[in-house]
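Asks: Take this structure, written in structure tokens, and hold onto it; I'll ask about it next.
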Amino acid sequence: MINCVLAYNDELAKNEVESVLMKHANLNISVTTNGLTDSLIYMNFDVLFLAFNMIEASVIKIIQSIIYANKKVIIISSDYRFAVKAFELNVSDFIPYPFDKKRIEKSLDKIYMNANKNNMTIEYLKQDVKKDLFSFHKNGRLVPVRADEIKYIKAEKKGTSIHTTKGVFKLKKALSNFEKMLDGKLFFKCHRSYTVNLDYVEYIETSYGRTYEATLLDEDDKIPISSKYAAVLKG
């Protein structure tokens, strides 16, 4: 869990930032405060989100102290003049306001990556009851993958392989456990060993006997579809 503080003097920006953060189950907003005071320097948290429309010299000094305390700072501000100063302070990110939600999500991805390097406990990243965002380990790195970037999932002898637009990732988690975190409107259980993202299915054709095969877009592998699951597709 990543503990966050949301400090603000811009109510509108604060509400928009809070709306995005609340969708991430691995982010805990421990404090929301109007203004920025020295007391924050001594608080136990990981990331400060600063939603300010005007950033004064006194605020800059507090930001410096918080960064020296090895905490991350993300600034969301309509004061574009502060962008250069934010870079000099070595803040984690400066996001101009108003912002595109994809912009702040990109910044959060960096926080998650850094959290993994510092051994913070993050297994999966989620935005709703069903997961919209996952993190997978590969070659010593944490790779964020959106649900819509997953092409198909295959049960292996020792776990599950996740085939995505960013590569293939191996998990020790059973296929059935991983399936519970997926949106049933997007993912289709087509075989006891496979679940496929229907958005990547180019066409389905008959195979041997009463079985079928799905051909995916830009993918050489054929995905088997057993007869009982094919009946669901036929309606």
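Each chain of the structure tokens is named A, B, ... in the order shown, its residues numbered from 1; ligands are numbered from 1 in display order.
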Write down as a PyMOL selection string the residues belonging to stretch 3-200 of chain A that are assigned helix (DSSP H, G or I) by DSSP computed on the backbone.
Replies: chain A and resi 11-21+38-42+57-68+82-89+101-117+147-149+175-179+198-200
Asks: Find the residues near stretch 174-177 of chain A: any atom within 12 Å, counting only C-alpha atoms, skip ones fewer than 2 places away on the same chain, and give them as a count of residues only.
Replies: 25
Asks: Stretch 116-215 of chain A: which residues are strand (DSSP E) by DSSP, as a ChimeraX atom specification?
Replies: /A:133-138,141-146,150-156,159-164,167-171,187-191,194-197,201-206,212-215
Asks: Can you pull out every residue within 12 Å of A:Ser207, counting only C-alpha atoms, but drop anything in the same chain fewer than 3 positions away, and send it as a VMD selection string?
Replies: chain A and resid 204 210 to 215 222 to 227 230
Asks: Mind running stretch 31-77 of chain A against stretch 5-25 of chain A at 6 Å and telling me each contacting residue's nearest atom pair with the distance in Å (one decimal), counting only C-alpha atoms, chain and number ascending, as a Markdown table?
Replies:
| residue | atom | partner | partner_atom | distance |
| --- | --- | --- | --- | --- |
| A:Val31 | CA | A:Val5 | CA | 4.9 |
| A:Thr32 | CA | A:Leu6 | CA | 4.8 |
| A:Thr33 | CA | A:Ala7 | CA | 4.8 |
| A:Asn34 | CA | A:Tyr8 | CA | 5.1 |
| A:Gly35 | CA | A:Tyr8 | CA | 5.4 |
| A:Leu48 | CA | A:Val5 | CA | 4.8 |
| A:Phe49 | CA | A:Leu6 | CA | 4.8 |
| A:Leu50 | CA | A:Ala7 | CA | 5.0 |
| A:Ala51 | CA | A:Tyr8 | CA | 4.5 |
| A:Phe52 | CA | A:Asn9 | CA | 5.1 |
| A:Asn53 | CA | A:Asp10 | CA | 5.7 |
Asks: For the residues in the current selection, export C-alpha atoms as a short mmCIF file (atom, residue, chain, number, x, y, z; two decimals), in the first residue's frame.
Replies:
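Saved result, selection.cif, follows:
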data_model
loop_
_atom_site.label_atom_id
_atom_site.label_comp_id
_atom_site.auth_asym_id
_atom_site.auth_seq_id
_atom_site.Cartn_x
_atom_site.Cartn_y
_atom_site.Cartn_z
CA VAL A 31 -4.42 12.99 4.78
CA THR A 32 -6.19 15.70 2.76
CA THR A 33 -5.18 19.18 3.81
CA ASN A 34 -5.98 22.70 2.67
CA GLY A 35 -2.55 24.32 2.42
CA LEU A 48 2.67 14.07 -1.70
CA PHE A 49 0.19 15.24 -4.34
CA LEU A 50 0.21 19.02 -4.41
CA ALA A 51 -2.77 20.68 -6.17
CA PHE A 52 -1.90 24.39 -6.05
CA ASN A 53 -2.82 27.25 -8.38
#
Asks: Show me, as a ChimeraX atom specification, the residues that have an atom within 7 Å of A:Ile2 when counting only C-alpha atoms, minus same-chain residues fewer than 2 positions from it.
Replies: /A:4,26-28,46
Asks: Please measure the separation of atom CA of A:Thr164 and atom CA of A:Lys106, giving the value in Å to one decimal.
Replies: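 Going from atom CA of A:Thr164 over to atom CA of A:Lys106 covers 18.6 Å.
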Asks: Which polymer residues have any atom within 12 Å of an atom of A:Ile62, counting only C-alpha atoms, with same-chain residues fewer than 6 positions away left out, as a list in words?
Replies: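 Neighbouring residues, sequence-local ones excluded: Ala7, Gly35, Leu36, Thr37, Asp38, Ser39, Leu40, Ile41, Tyr42, Leu48, Leu50, Ile55, Glu56, Tyr68, Ala69, Lys71, Val73 and Leu89 of chain A.
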Asks: In terms of the shortest atom-to-atom distance over only C-alpha atoms, which of A:Leu186, A:Leu198, A:Ala83, A:Ile111 is closest to A:Ala147?
Replies: A:Leu186
